[in-house]
$ cat coords.txt   # compact mmCIF, C-alpha atoms
# COMPACT_ATOMS: atom_id res chain seq x y z
CA MET A 1 -21.90 -114.30 56.42
CA GLY A 2 -19.07 -115.31 54.19
CA GLY A 3 -15.34 -115.22 54.66
CA ASP A 4 -12.79 -113.93 52.20
CA VAL A 5 -9.06 -113.61 52.75
CA ARG A 6 -7.37 -110.71 51.00
CA GLU A 7 -3.77 -109.67 51.00
CA ALA A 8 -3.15 -106.39 52.83
CA GLY A 9 0.51 -105.59 52.34
CA ARG A 10 2.51 -108.57 53.51
CA ALA A 11 -0.03 -109.82 56.06
CA MET A 12 -3.22 -111.66 55.19
CA ALA A 13 -6.34 -109.98 56.55
CA ALA A 14 -9.75 -111.67 56.74
CA ILE A 15 -12.69 -109.71 55.40
CA PHE A 16 -16.24 -110.90 56.12
CA ARG A 17 -19.41 -110.08 54.19
CA ALA A 18 -22.35 -109.21 56.42
CA ALA A 19 -25.81 -107.67 56.26
CA CYS A 20 -27.89 -105.59 58.65
CA PRO A 21 -31.44 -106.79 59.34
CA ASP A 22 -32.49 -103.25 60.33
CA CYS A 23 -31.43 -101.14 57.33
CA ARG A 24 -30.82 -104.07 54.93
CA GLY A 25 -27.32 -102.73 54.23
CA ARG A 26 -24.70 -105.12 52.85
CA PHE A 27 -21.04 -104.49 53.56
CA GLU A 28 -17.65 -106.01 54.34
CA LEU A 29 -16.15 -106.05 57.83
CA ALA A 30 -12.64 -106.70 59.08
CA ALA A 31 -12.16 -109.30 61.82
CA GLU A 32 -11.69 -106.49 64.36
CA ALA A 33 -15.28 -105.30 63.76
CA LEU A 34 -16.81 -108.65 64.78
CA ARG A 35 -17.15 -110.47 68.09
CA LEU A 36 -17.97 -114.16 68.57
CA ALA A 37 -19.51 -115.60 71.74
CA ILE A 38 -19.53 -119.37 72.14
CA GLY A 39 -21.96 -120.64 74.74
CA ALA A 40 -23.25 -123.98 75.95
CA SER A 41 -26.09 -124.08 73.41
CA HIS A 42 -27.05 -122.73 69.99
CA ARG A 43 -29.10 -120.03 71.78
CA THR A 44 -25.99 -118.68 73.53
CA THR A 45 -23.62 -118.94 70.56
CA PHE A 46 -23.65 -115.88 68.32
CA TYR A 47 -21.60 -113.25 66.53
CA SER A 48 -22.18 -109.53 66.75
CA PHE A 49 -21.14 -106.29 65.09
CA THR A 50 -22.25 -102.69 64.72
CA CYS A 51 -23.77 -101.83 61.35
CA PRO A 52 -21.52 -99.27 59.65
CA ASP A 53 -24.52 -97.88 57.72
CA CYS A 54 -27.12 -97.28 60.45
CA GLY A 55 -25.21 -97.91 63.70
CA ALA A 56 -27.51 -100.73 64.86
CA ALA A 57 -26.09 -103.38 67.19
CA VAL A 58 -26.52 -106.65 65.27
CA ARG A 59 -26.49 -110.10 66.86
CA LYS A 60 -26.85 -113.26 64.77
CA PRO A 61 -26.70 -116.97 65.63
CA ALA A 62 -23.46 -118.80 64.81
CA GLY A 63 -23.48 -122.42 63.75
CA GLU A 64 -20.43 -124.64 63.41
CA ARG A 65 -19.43 -123.36 59.95
CA ILE A 66 -19.70 -119.69 61.00
CA ILE A 67 -17.64 -120.41 64.13
CA GLU A 68 -14.99 -122.08 61.97
CA LEU A 69 -14.84 -119.15 59.53
CA LEU A 70 -14.74 -116.47 62.23
CA THR A 71 -12.15 -118.12 64.47
CA GLY A 72 -10.01 -118.98 61.44
CA GLY A 73 -10.23 -115.36 60.34
CA GLY A 74 -8.99 -113.95 63.64
CA VAL A 75 -12.28 -112.72 65.13
CA ARG A 76 -12.03 -112.13 68.87
CA THR A 77 -13.84 -114.94 70.69
CA LEU A 78 -15.45 -115.06 74.12
CA ARG A 79 -16.22 -118.49 75.55
CA LEU A 80 -19.22 -118.40 77.87
CA HIS A 81 -19.24 -120.91 80.72
CA SER A 82 -22.27 -122.02 82.68
CA SER A 83 -22.10 -122.04 86.47
CA VAL A 84 -23.13 -125.66 87.12

$ encode --input "coords.txt" --output "structure tokens"
Amino acid sequence: MGGDVREAGRAMAAIFRAACPDCRGRFELAAEALRLAIGASHRTTFYSFTCPDCGAAVRKPAGERIIELLTGGGVRTLRLHSSV
């Protein structure tokens, strides 16, 4: 996953490179195509998207750098809270 900011008209739009583990497709996705979930542990922190090539639902772990790139690029984020 890599982030790239491109100019789209007057507004800056983030474009992210991604790959599908099912079909091995490589493509670029707009921030609107991704979702980020931040949980209490690395096991519950991930980003997800639907592969535009094969339609598979893809879920990948998100470390600190990925979280920084995605949130900075405007990806919708869900913060998961534990019920302790």

$ atom_distance --input "coords.txt" --atom1 "atom CA of Asp22 of chain A" --atom2 "atom CA of Gly72 of chain A"
27.5 Å

$ closest_residue --input "coords.txt" --among "A:Phe46, A:Gly74, A:Leu80, A:Leu34" --to "Ala13 of chain A" --atoms "all atoms listed in the file"
A:Gly74

$ residues_around --input "coords.txt" --residues "Ala37 of chain A" --least-positions-apart "3" --cutoff "9 Å" --atoms "all atoms listed in the file" --output "PDB file with C-alpha atoms, in the frame of the given file"
ATOM      1  CA  THR A  44     -25.990-118.680  73.530  1.00  0.00           C
ATOM      2  CA  THR A  45     -23.620-118.940  70.560  1.00  0.00           C
ATOM      3  CA  PHE A  46     -23.650-115.880  68.320  1.00  0.00           C
ATOM      4  CA  TYR A  47     -21.600-113.250  66.530  1.00  0.00           C
ATOM      5  CA  SER A  48     -22.180-109.530  66.750  1.00  0.00           C
ATOM      6  CA  ALA A  62     -23.460-118.800  64.810  1.00  0.00           C
ATOM      7  CA  ARG A  76     -12.030-112.130  68.870  1.00  0.00           C
ATOM      8  CA  THR A  77     -13.840-114.940  70.690  1.00  0.00           C
ATOM      9  CA  LEU A  78     -15.450-115.060  74.120  1.00  0.00           C
ATOM     10  CA  ARG A  79     -16.220-118.490  75.550  1.00  0.00           C
ATOM     11  CA  LEU A  80     -19.220-118.400  77.870  1.00  0.00           C
TER      12      LEU A  80
END

$ residues_around --input "coords.txt" --residues "Glu28 of chain A" --least-positions-apart "4" --cutoff "9 Å" --atoms "only C-alpha atoms" --output "list in words"
Ile15, Phe16, Arg17, Ala18 and Ala19 of chain A

$ write_last_selection --input "coords.txt" --atoms "C-alpha atoms" --output "PDB file, in the frame of the given file"
ATOM      1  CA  ILE A  15     -12.690-109.710  55.400  1.00  0.00           C
ATOM      2  CA  PHE A  16     -16.240-110.900  56.120  1.00  0.00           C
ATOM      3  CA  ARG A  17     -19.410-110.080  54.190  1.00  0.00           C
ATOM      4  CA  ALA A  18     -22.350-109.210  56.420  1.00  0.00           C
ATOM      5  CA  ALA A  19     -25.810-107.670  56.260  1.00  0.00           C
TER       6      ALA A  19
END

$ closest_residue --input "coords.txt" --among "A:Gly25, A:Gly73, A:His81, A:Glu64" --to "Ala40 of chain A" --atoms "only C-alpha atoms"
A:His81
